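Scroll down for the structure; my scribbles are underneath it.
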Number of protein chains: 4
Amino acid sequence: MPKINKYQDISEIDREAKKDLIDRHSPFIHSADTAKAGEPFEVTVKMGNEYTHPDDFDHYIESVTLFDGDTMLAKATYVPGTLGNTKAHNTTTFTIIPTGKKLNLVAHGYCTKHGIWEGTPKEVTVEA
Amino acid sequence: MPKINKYQDISEIDREAKKDLIDRHSPFIHSADTAKAGEPFEVTVKMGNEYTHPDDFDHYIESVTLFDGDTMLAKATYVPGTLGNTKAHNTTTFTIIPTGKKLNLVAHGYCTKHGIWEGTPKEVTVEA
Amino acid sequence: MPKINKYQDISEIDREAKKDLIDRHSPFIHSADTAKAGEPFEVTVKMGNEYTHPDDFDHYIESVTLFDGDTMLAKATYVPGTLGNTKAHNTTTFTIIPTGKKLNLVAHGYCTKHGIWEGTPKEVTVEA
Amino acid sequence: MPKINKYQDISEIDREAKKDLIDRHSPFIHSADTAKAGEPFEVTVKMGNEYTHPDDFDHYIESVTLFDGDTMLAKATYVPGTLGNTKAHNTTTFTIIPTGKKLNLVAHGYCTKHGIWEGTPKEVTVEA
């Protein structure tokens with residue numbers, strides 16, 4: 001507590017409302033599969049893949065946080081209205097500069113009504 | 001992943017270094033046991049009870065977040081040096097105004113070296 | 001731009017609505033006048049002195065930031081509802097540990113409708 | 001106070017160290033010149049144009065904040081090390097959805113040693 005809701009593959013879920021709930025709250029990581037050590041590397045965190053989330057004053061995506069394993073890299077914070085009070089994919093692209101051998105990227109999204117959601121981790125190979 | 005480290009009662013732990021690790025990273029909630037609905041109520045989040053945490057540039061408490069169950073209430077963010085680069089208890093007092101029947105307060109602390117730590121929840125009765 | 005609205009002494013303002021606007025948006029610093037170097041020192045940032053601010057979903061105090069001169073010490077971020085959706089004084093107490101000869105404390109508050117507001121700075125003597 | 005340092009055209013500055021100081025701390029806005037109302041619109045905030053900023057533990061870009069006029073749209077917060085402790089351009093791309101007739105985009109960057117810096121505003125026409 002607080003519960004960390006985890007993404008599940010929605011193709012295995014029958015009920016449309018549940019697919020929608022899970023998908024729209026999950027932060028998806030979009031990036032290249034390999035990075036170069038010491039070079040800028042773009043990582044996009046996008047909330048929802050097939051379903052969009054409201055941007056209502058009392059129900060919005062307040063933040064997304066990007067981690068490499070247990071280490072926080074960056075966080076983006078939003079206020080309601082930035083997405084025009086419409087249903088949309090909250091999307092942020094962070095630039096990081098990796099130094100080790102691999103990244104274990106994972107993101108949290110926070111919805112003011114439905115709490116913390118964790119997406120599927122993405123491993124990125126870092127080449128020297 | 002990221003791992004949510006949870007507080008354990010350190011009196012049951014033998015090794016001093018482990019007691020220190022757990023205690024200094026755990027956010028402790030200090031507040032009255034009952035609140036009055038619609039009235040300001042102070043909640044203090046204090047990192048560590050018996051052990052203090054460094055405030056080094058490469059190792060510090062970056063933030064504490066206060067939740068009521070799954071709902072984030074407030075978050076305090078720090079930069080290294082605010083605690084004089086000494087070992088100390090990072091401490092923040094938030095004022096909230098409860099509206100329901102009870103609060104289920106719990107806090108997360110984030111250390112730039114040791115990740116996310118969750119303290120013991122505290123239930124507060126809210127009187128009408 | 002963005003405009004940094006500055007606190008003015010409201011006793012010199014005639015119009016009630018303007019007194020209210022300025023007072024409720026201004027972060028007031030409450031602390032002792034002297035601190036001891038290397039010791040924890042509490043600084044309270046309270047929004048408004050005589051007038052309270054709404055905590056509506058589309059109009060709330062999103063954050064307060066505490067500075068020592070040009071240096072940020074800490075920031076507290078809120079979501080709408082934490083103050084029960086009532087009119088109130090958003091209030092946060094930070095603990096800092098001063099190291100120099102004096103502090104020049106000043107705070108910013110951010111209202112989602114009326115932007116950034118800066119309070120009156122407070123000088124604190126730091127004794128060895 | 002705190003001082004809001006403003007970008008100046010560095011081509012009019014002689015001293016190399018001053019050009020570097022101003023440029024590396026200034027948030028530059030990169031976006032299309034026109035947006036479509038109700039459609040996602042990408043805005044990149046990049047610290048520095050010709051000069052890069054350190055990512056040292058005691059000297060780093062802690063955050064960038066994007067405003068439309070006086071209204072905060074989004075903020076990205078970083079910890080030291082995310083840019084590999086190398087000199088680089090801290091870069092974040094936010095997605096916003098405009099609803100009015102124009103955007104008056106402007107960004108603040110915060111350096112833990114040199115305070116708040118404001119870039120040159122960029123007006124974006126929003127088409128129906």
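Residues are referred to by chain and number: the chain letter is A, B, ... according to the order shown in the structure tokens, the number counts from 1 in that chain, and ligands are numbered separately from 1 in the order shown.
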
### Task
Identify all chain C residues at most 6 Å from chain B by counting only C-alpha atoms; ligands do not count. Present them as a count of residues only.
18

### Query
Using only C-alpha atoms, which residues sit within 10 Å of Lys113 (chain B) once same-chain residues fewer than 2 positions away are excluded, as a PyMOL selection string?
(chain A and resi 70-72) or (chain B and resi 58-62+110-111+115-116)

#### Entry: Backbone DSSP call of alpha helix (DSSP H) for chain A, listed as a list in words
Glu16, Ala17, Lys18, Lys19, Asp20, Leu21, Ile22, Asp23, Arg24 and His25 of chain A

Generate a file of the selected residues that holds all heavy atoms, formatted as a PDB file, in the first residue's frame.
```
ATOM      1  N   GLU A  16     -14.053  -5.478 -22.052  1.00  0.00           N
ATOM      2  CA  GLU A  16     -13.572  -4.249 -22.693  1.00  0.00           C
ATOM      3  C   GLU A  16     -13.203  -3.170 -21.666  1.00  0.00           C
ATOM      4  O   GLU A  16     -12.157  -2.522 -21.775  1.00  0.00           O
ATOM      5  CB  GLU A  16     -14.683  -3.732 -23.627  1.00  0.00           C
ATOM      6  CG  GLU A  16     -14.340  -2.480 -24.406  1.00  0.00           C
ATOM      7  CD  GLU A  16     -13.306  -2.716 -25.498  1.00  0.00           C
ATOM      8  OE1 GLU A  16     -13.033  -3.888 -25.844  1.00  0.00           O
ATOM      9  OE2 GLU A  16     -12.734  -1.712 -25.990  1.00  0.00           O
ATOM     10  N   ALA A  17     -14.061  -2.988 -20.655  1.00  0.00           N
ATOM     11  CA  ALA A  17     -13.800  -1.930 -19.659  1.00  0.00           C
ATOM     12  C   ALA A  17     -12.499  -2.183 -18.909  1.00  0.00           C
ATOM     13  O   ALA A  17     -11.780  -1.256 -18.544  1.00  0.00           O
ATOM     14  CB  ALA A  17     -14.964  -1.836 -18.668  1.00  0.00           C
ATOM     15  N   LYS A  18     -12.201  -3.473 -18.705  1.00  0.00           N
ATOM     16  CA  LYS A  18     -10.972  -3.787 -17.981  1.00  0.00           C
ATOM     17  C   LYS A  18      -9.735  -3.595 -18.876  1.00  0.00           C
ATOM     18  O   LYS A  18      -8.692  -3.126 -18.414  1.00  0.00           O
ATOM     19  CB  LYS A  18     -11.028  -5.221 -17.435  1.00  0.00           C
ATOM     20  CG  LYS A  18      -9.954  -5.445 -16.367  1.00  0.00           C
ATOM     21  CD  LYS A  18     -10.045  -6.753 -15.639  1.00  0.00           C
ATOM     22  CE  LYS A  18      -8.853  -6.894 -14.677  1.00  0.00           C
ATOM     23  NZ  LYS A  18      -8.709  -8.275 -14.186  1.00  0.00           N
ATOM     24  N   LYS A  19      -9.882  -3.992 -20.140  1.00  0.00           N
ATOM     25  CA  LYS A  19      -8.791  -3.734 -21.100  1.00  0.00           C
ATOM     26  C   LYS A  19      -8.462  -2.236 -21.091  1.00  0.00           C
ATOM     27  O   LYS A  19      -7.315  -1.829 -21.046  1.00  0.00           O
ATOM     28  CB  LYS A  19      -9.245  -4.069 -22.537  1.00  0.00           C
ATOM     29  CG  LYS A  19      -9.211  -5.514 -22.957  1.00  0.00           C
ATOM     30  CD  LYS A  19      -9.726  -5.586 -24.419  1.00  0.00           C
ATOM     31  CE  LYS A  19     -10.108  -6.971 -24.860  1.00  0.00           C
ATOM     32  NZ  LYS A  19      -8.978  -7.759 -25.402  1.00  0.00           N
ATOM     33  N   ASP A  20      -9.519  -1.438 -21.187  1.00  0.00           N
ATOM     34  CA  ASP A  20      -9.391   0.011 -21.258  1.00  0.00           C
ATOM     35  C   ASP A  20      -8.707   0.551 -19.988  1.00  0.00           C
ATOM     36  O   ASP A  20      -7.739   1.316 -20.053  1.00  0.00           O
ATOM     37  CB  ASP A  20     -10.799   0.609 -21.427  1.00  0.00           C
ATOM     38  CG  ASP A  20     -10.807   2.108 -21.677  1.00  0.00           C
ATOM     39  OD1 ASP A  20      -9.786   2.769 -21.447  1.00  0.00           O
ATOM     40  OD2 ASP A  20     -11.854   2.631 -22.092  1.00  0.00           O
ATOM     41  N   LEU A  21      -9.193   0.106 -18.835  1.00  0.00           N
ATOM     42  CA  LEU A  21      -8.632   0.558 -17.550  1.00  0.00           C
ATOM     43  C   LEU A  21      -7.132   0.300 -17.476  1.00  0.00           C
ATOM     44  O   LEU A  21      -6.342   1.187 -17.107  1.00  0.00           O
ATOM     45  CB  LEU A  21      -9.317  -0.166 -16.378  1.00  0.00           C
ATOM     46  CG  LEU A  21      -8.763   0.198 -15.001  1.00  0.00           C
ATOM     47  CD1 LEU A  21      -9.333   1.534 -14.525  1.00  0.00           C
ATOM     48  CD2 LEU A  21      -9.038  -0.892 -13.969  1.00  0.00           C
ATOM     49  N   ILE A  22      -6.749  -0.924 -17.811  1.00  0.00           N
ATOM     50  CA  ILE A  22      -5.337  -1.310 -17.699  1.00  0.00           C
ATOM     51  C   ILE A  22      -4.486  -0.582 -18.734  1.00  0.00           C
ATOM     52  O   ILE A  22      -3.445  -0.009 -18.426  1.00  0.00           O
ATOM     53  CB  ILE A  22      -5.176  -2.840 -17.848  1.00  0.00           C
ATOM     54  CG1 ILE A  22      -5.815  -3.533 -16.645  1.00  0.00           C
ATOM     55  CG2 ILE A  22      -3.706  -3.225 -17.987  1.00  0.00           C
ATOM     56  CD1 ILE A  22      -5.883  -5.042 -16.764  1.00  0.00           C
ATOM     57  N   ASP A  23      -4.955  -0.604 -19.963  1.00  0.00           N
ATOM     58  CA  ASP A  23      -4.141  -0.035 -21.038  1.00  0.00           C
ATOM     59  C   ASP A  23      -3.931   1.471 -20.860  1.00  0.00           C
ATOM     60  O   ASP A  23      -2.810   1.966 -20.956  1.00  0.00           O
ATOM     61  CB  ASP A  23      -4.786  -0.326 -22.393  1.00  0.00           C
ATOM     62  CG  ASP A  23      -3.927   0.155 -23.547  1.00  0.00           C
ATOM     63  OD1 ASP A  23      -4.064   1.327 -23.970  1.00  0.00           O
ATOM     64  OD2 ASP A  23      -3.106  -0.639 -24.035  1.00  0.00           O
ATOM     65  N   ARG A  24      -4.985   2.194 -20.572  1.00  0.00           N
ATOM     66  CA  ARG A  24      -4.866   3.666 -20.540  1.00  0.00           C
ATOM     67  C   ARG A  24      -4.044   4.168 -19.355  1.00  0.00           C
ATOM     68  O   ARG A  24      -3.552   5.292 -19.374  1.00  0.00           O
ATOM     69  CB  ARG A  24      -6.249   4.331 -20.544  1.00  0.00           C
ATOM     70  CG  ARG A  24      -7.011   4.246 -19.234  1.00  0.00           C
ATOM     71  CD  ARG A  24      -8.310   5.079 -19.280  1.00  0.00           C
ATOM     72  NE  ARG A  24      -8.990   5.091 -18.001  1.00  0.00           N
ATOM     73  CZ  ARG A  24     -10.000   4.283 -17.652  1.00  0.00           C
ATOM     74  NH1 ARG A  24     -10.464   3.382 -18.509  1.00  0.00           N
ATOM     75  NH2 ARG A  24     -10.547   4.378 -16.461  1.00  0.00           N
ATOM     76  N   HIS A  25      -3.908   3.311 -18.335  1.00  0.00           N
ATOM     77  CA  HIS A  25      -3.123   3.713 -17.163  1.00  0.00           C
ATOM     78  C   HIS A  25      -1.684   3.230 -17.204  1.00  0.00           C
ATOM     79  O   HIS A  25      -0.894   3.552 -16.305  1.00  0.00           O
ATOM     80  CB  HIS A  25      -3.770   3.160 -15.877  1.00  0.00           C
ATOM     81  CG  HIS A  25      -4.962   3.951 -15.458  1.00  0.00           C
ATOM     82  ND1 HIS A  25      -6.232   3.459 -15.504  1.00  0.00           N
ATOM     83  CD2 HIS A  25      -5.090   5.226 -15.007  1.00  0.00           C
ATOM     84  CE1 HIS A  25      -7.081   4.387 -15.088  1.00  0.00           C
ATOM     85  NE2 HIS A  25      -6.415   5.461 -14.778  1.00  0.00           N
TER      86      HIS A  25
END
```

### Query
Just how far from CA of Lys36 (chain C) is CA of Gly48 (chain B), in Å to one decimal?
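Separation between CA of Gly48 (chain B) and CA of Lys36 (chain C): 22.0 Å.
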
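Residues with any atom within 9 Å of Lys102 (chain B), counting only C-alpha atoms and excluding same-chain neighbours fewer than 6 positions away, are Thr34, Ala35, Glu123, Val124, Thr125, Val126 and Glu127 of chain B.
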